[in-house]
Amino acid sequence: MLDLAIKNLLENRVRTILTALGIIIAITAIVSLGSISTGLNELVTSSTATIGSDVIFVMKEFDFSEMSGPPGSFEIELLSAEEIEDITAISGVERAVPIIADQFGGLFELDGLDLDSVDLFGAEDLSFEEGGWPDNEDKAAAIGYLVARSRGVVVGDYLTFEEEEVEVMGIFEEGSGSYDLVVLIPYEYAEEIYDMEGEAMQLILKPDDISYVQEIKDIINNDMDGLSAMTMEDALAQMEEMTGTLNIMTFGIGFVASLVAAIGIIITMYTSVLERRRQLGIMKAVGALKKTILKQILEEGIILSVVSSVIAILLSFFFVDILNNVLLGGSNLALITPELAIGAVAYGVILTIISSIYPAWIAINTDPIKAIRDG
Amino acid sequence: MKGNIFELKNVWKTYCNKGVETHALRGLNLTIKRGAYVAIIGPSGSGKSTLMHVMGCLDTPTKGTVLVDGKDISSLKDDELAKIRREKIGFVFQAYNLIPGLSAIENVAMPMRFSGHGKKESQEKAISLLKKVGLENRMHHKPSELSGGEQQRVAIARSLLNDPEVILADEPTGNLDSKTGREIMDLIEDLHKRTKKTVIIVTHDTKLADRTCNQIRMIDGDIAK
Ligand SMILES: Nc1ncnc2c1ncn2[C@@H]1O[C@H](COP(=O)(O)OP(=O)(O)O)[C@@H](O)[C@H]1O
Ligand SMILES: [Mg+2]
């Protein structure tokens, strides 16, 4: 009797559309926010494993509240050659590794750095499925498995950055964690490609001893203007705080949106049942069982919620695209996974079914005699 | 098939409203033979509709026993009553009681959809019944687009859908002008003659009632002796 359910929904279009709108807004909010949480959680887990705990990250200072994207994806000011020199000169700094980073293809990142210092990032033990590390003098790259597959290149082929053809000299083995997604080239070569002279987006410091970490960090943060230093721990804490806040926000907004949608569904279904009291009474008079009436009410709810949820998912893809491109600087951070999409539709349907319980109960207990006498 | 389709013994129906008790039926006894054609007459408020509802399994008596086709319905649950209504009873009401949003065909086909029959099968049956009541040209219209007489024909077609043993018609001509009313009564009488179904009609029209051999007069919730 799906046709009857659809007929009933179409009978009062305005009401149906308003209810659908409530469900659509709730599910869209949940999916869009959920996609950011999913993306961020993924980022945090993937970036923590590889980097050593005694390193210090130095960047130009920036206001977190003005930050418009995750680390790496937004325009940051460059560290100048002089600043890099000053920082390197701080006593207790064993090595300072400047990095020139560029995101490409959404997921991937090119890093220009001293290839003799990859031990700071736990990359020295990576194995290659083909080729090996380029030297710092080479104009070549070691690239991740996923980069190679997505670009369809093998050792000896070229990748293009800023109109410069970069030769692939080595491809890491599959399953190298975040190294599946990177292109590593010598710092000097990156300088040349990106037209820089001694600048960097980030400086990674290795102290002589782990006990100097705090001291070096304090010197940079307190005594050097416009610079910000973070330990690995700080970076992790920051990211976790961000994901934590976002998770709570997602949950909170999702909860409120669900509540509003649920109240909308209850009111619509309830008025619709009251309005159709006579119709339901007639149905019962000519032999409809309680479960027949229940089935019809639930069918209406399920059609309404499935259609609304699917529309919401499509809308979410659109919003997430905007989110990624406008707010998150062209990254692919916000991620609608199949699990998230299916879960959201299921949630929409369950929410609707729960909200339909009371109206359905009123419907199945309609007194046929009253309906007929009042007719 | 022989025997009684309805046997009512000492049937009471009492309504309680804000502490006020109304006895709509007062210890009524009645037996109706299978295949009978019966007219129920009586003043307004004498309990005719209540009696129809009890016989039609829309309601259960407060006291007494009601046998429908030999089965005691006085203590059945809602769904069990609904099943009997679906299988054995066809209703025709004064106010037609069609569903506004559905076409004539869909209205007639609806009870069959409840018992799990497909749309196509139900509608084919509905169409053949609508032809029998002379509505082949108005089948796709909604109730609001049909005259009172036409709506009542749709209701009669609907009452026949599940091939019930009994047709219960509660003042089927009450909302119609006398000419249309006579046509509807002719239709019901013709139906009775052709199908030999039990037909019980509540009517105010004594002339019509006189045409049937079985007349029951109700007064104050009981049958006048
Ligand atoms: N739900 C109800 N609550 C209270 N009294 C009712 C109810 N239904 C019917 N009655 C009363 O029962 C009596 C019989 O009503 P009814 O069977 O409709 O009579 P009729 O059909 O002969 O006009 C009337 O007095 C009516 O007011
Ligand atoms: Mg009456």
# chains A, B, ... in the order shown; residues from 1 in each chain; ligands from 1

call {"tool": "residues_near_ligand", "arguments": {"ligand": "ligand 1", "cutoff": "8 Å", "atoms": "only C-alpha atoms and all ligand atoms", "output": "ChimeraX atom specification"}}
result
/A:370,373 /B:14-17,21-25,42-52,170,218,220-221

call {"tool": "interface_residues", "arguments": {"of": "chain B", "to": "chain A", "cutoff": "6 Å", "atoms": "only C-alpha atoms", "output": "list in words"}}
result
Asp79, Ala82, Arg85, Arg86, Ala95, Ile99 and Phe114 of chain B

call {"tool": "write_last_selection", "arguments": {"atoms": "C-alpha atoms", "output": "mmCIF file, in the first residue's frame"}}
result
data_model
loop_
_atom_site.group_PDB
_atom_site.id
_atom_site.type_symbol
_atom_site.label_atom_id
_atom_site.label_comp_id
_atom_site.auth_asym_id
_atom_site.auth_seq_id
_atom_site.Cartn_x
_atom_site.Cartn_y
_atom_site.Cartn_z
ATOM 1 C CA ASP B 79 -8.709 -6.885 15.303
ATOM 2 C CA ALA B 82 -12.223 -6.085 12.069
ATOM 3 C CA ARG B 85 -16.264 -7.030 9.279
ATOM 4 C CA ARG B 86 -13.899 -7.528 6.401
ATOM 5 C CA ALA B 95 -23.071 9.864 5.034
ATOM 6 C CA ILE B 99 -12.302 8.614 1.616
ATOM 7 C CA PHE B 114 -6.270 -4.434 3.512
#

call {"tool": "closest_residue", "arguments": {"among": "A:Leu246, A:Ile6, A:Ala262, A:Val168", "to": "A:Ile25", "atoms": "only C-alpha atoms"}}
result
A:Ala262

call {"tool": "residues_around", "arguments": {"residues": "stretch 200-215 of chain B", "least_positions_apart": "2", "cutoff": "7 Å", "atoms": "only C-alpha atoms", "output": "NGL selection string"}}
result
:B and (37-41 or 48 or 167-171 or 198 or 217)

call {"tool": "closest_residue", "arguments": {"among": "B:Glu87, B:Leu30, B:Phe93, B:Gly35", "to": "ligand 2", "atoms": "only C-alpha atoms and all ligand atoms"}}
result
B:Phe93

call {"tool": "closest_residue", "arguments": {"among": "A:Ala363, A:Ile353, A:Ile248, A:Leu205", "to": "A:Leu304", "atoms": "only C-alpha atoms"}}
result
A:Ile353

call {"tool": "residues_around", "arguments": {"residues": "A:Ala360", "least_positions_apart": "4", "cutoff": "12 Å", "atoms": "only C-alpha atoms", "output": "number ranges by chain"}}
result
A: 265-274, 276-277, 280, 290-301, 352-356, 364-366

call {"tool": "residues_around", "arguments": {"residues": "B:Gly134", "least_positions_apart": "6", "cutoff": "12 Å", "atoms": "only C-alpha atoms", "output": "ChimeraX atom specification"}}
result
/B:127-128,149-154,156-157,183-184,187

call {"tool": "residues_around", "arguments": {"residues": "stretch 128-131 of chain A", "least_positions_apart": "4", "cutoff": "12 Å", "atoms": "only C-alpha atoms", "output": "PyMOL selection string"}}
result
chain A and resi 123-124+140-145+148+153-157+167-176+179-180

call {"tool": "select_by_dssp", "arguments": {"residues": "chain B", "states": "alpha helix (DSSP H)", "output": "number ranges by chain"}}
result
B: 48-55, 78-88, 104-114, 119-132, 148-160, 178-195, 206-211

call {"tool": "atom_distance", "arguments": {"atom1": "atom CA of A:Glu85", "atom2": "atom CA of A:Phe121"}}
result
21.5 Å

call {"tool": "select_by_dssp", "arguments": {"residues": "stretch 19-222 of chain B", "states": "strand (DSSP E)", "output": "PyMOL selection string"}}
result
chain B and resi 20-33+37-41+63-68+71-72+89-92+166-170+198-202+214-219+222

call {"tool": "atom_distance", "arguments": {"atom1": "atom CA of A:Val147", "atom2": "atom CA of A:Phe108"}}
result
7.2 Å

call {"tool": "closest_residue", "arguments": {"among": "A:Val166, A:Ile30, A:Ile56, A:Leu227", "to": "A:Thr250", "atoms": "only C-alpha atoms"}}
result
A:Ile30

call {"tool": "closest_residue", "arguments": {"among": "B:Gly90, B:Asn162, B:His53, B:Ala224", "to": "ligand 2", "atoms": "only C-alpha atoms and all ligand atoms"}}
result
B:His53

call {"tool": "closest_residue", "arguments": {"among": "A:Val58, A:Ala237, A:Ala341, A:Ile24", "to": "A:Asp218", "atoms": "only C-alpha atoms"}}
result
A:Val58

call {"tool": "residues_around", "arguments": {"residues": "A:Ile210", "least_positions_apart": "6", "cutoff": "12 Å", "atoms": "only C-alpha atoms", "output": "list in words"}}
result
Gly52, Ser53, Asp54, Val55, Ile56, Gly92, Val93, Glu94, Ile216, Lys217, Thr231 and Met232 of chain A

call {"tool": "write_last_selection", "arguments": {"atoms": "N, CA, C and O atoms", "output": "short mmCIF file (atom, residue, chain, number, x, y, z; two decimals), in the first residue's frame"}}
result
data_model
loop_
_atom_site.label_atom_id
_atom_site.label_comp_id
_atom_site.auth_asym_id
_atom_site.auth_seq_id
_atom_site.Cartn_x
_atom_site.Cartn_y
_atom_site.Cartn_z
N GLY A 52 59.18 11.87 15.57
CA GLY A 52 59.79 11.70 16.88
C GLY A 52 59.23 12.69 17.90
O GLY A 52 58.70 13.73 17.55
N SER A 53 59.39 12.36 19.18
CA SER A 53 58.75 13.18 20.20
C SER A 53 59.65 14.31 20.70
O SER A 53 59.21 15.17 21.43
N ASP A 54 60.91 14.30 20.28
CA ASP A 54 61.79 15.34 20.83
C ASP A 54 61.98 16.52 19.90
O ASP A 54 62.76 17.41 20.15
N VAL A 55 61.26 16.54 18.76
CA VAL A 55 61.47 17.64 17.83
C VAL A 55 60.59 18.85 18.20
O VAL A 55 59.62 18.73 18.92
N ILE A 56 61.02 20.02 17.69
CA ILE A 56 60.26 21.25 17.91
C ILE A 56 59.88 21.80 16.54
O ILE A 56 60.71 21.82 15.62
N GLY A 92 72.03 24.71 22.00
CA GLY A 92 71.28 23.48 22.29
C GLY A 92 70.58 22.94 21.07
O GLY A 92 70.08 21.83 21.09
N VAL A 93 70.53 23.72 20.00
CA VAL A 93 69.92 23.22 18.77
C VAL A 93 70.97 22.45 17.99
O VAL A 93 72.01 22.99 17.62
N GLU A 94 70.70 21.18 17.78
CA GLU A 94 71.68 20.38 17.07
C GLU A 94 71.53 20.56 15.57
O GLU A 94 72.47 20.78 14.85
N ILE A 216 64.36 25.54 24.65
CA ILE A 216 64.43 26.10 23.30
C ILE A 216 63.08 26.66 22.90
O ILE A 216 62.96 27.76 22.35
N LYS A 217 62.07 25.93 23.22
CA LYS A 217 60.71 26.37 22.90
C LYS A 217 60.40 27.71 23.57
O LYS A 217 59.87 28.64 22.92
N THR A 231 56.08 21.81 20.59
CA THR A 231 56.64 20.47 20.64
C THR A 231 55.63 19.54 20.00
O THR A 231 54.50 19.92 19.73
N MET A 232 56.08 18.34 19.76
CA MET A 232 55.17 17.34 19.19
C MET A 232 53.96 17.17 20.08
O MET A 232 52.83 17.05 19.62
#

call {"tool": "atom_distance", "arguments": {"atom1": "atom CA of B:Pro61", "atom2": "atom CA of B:Val11"}}
result
6.3 Å
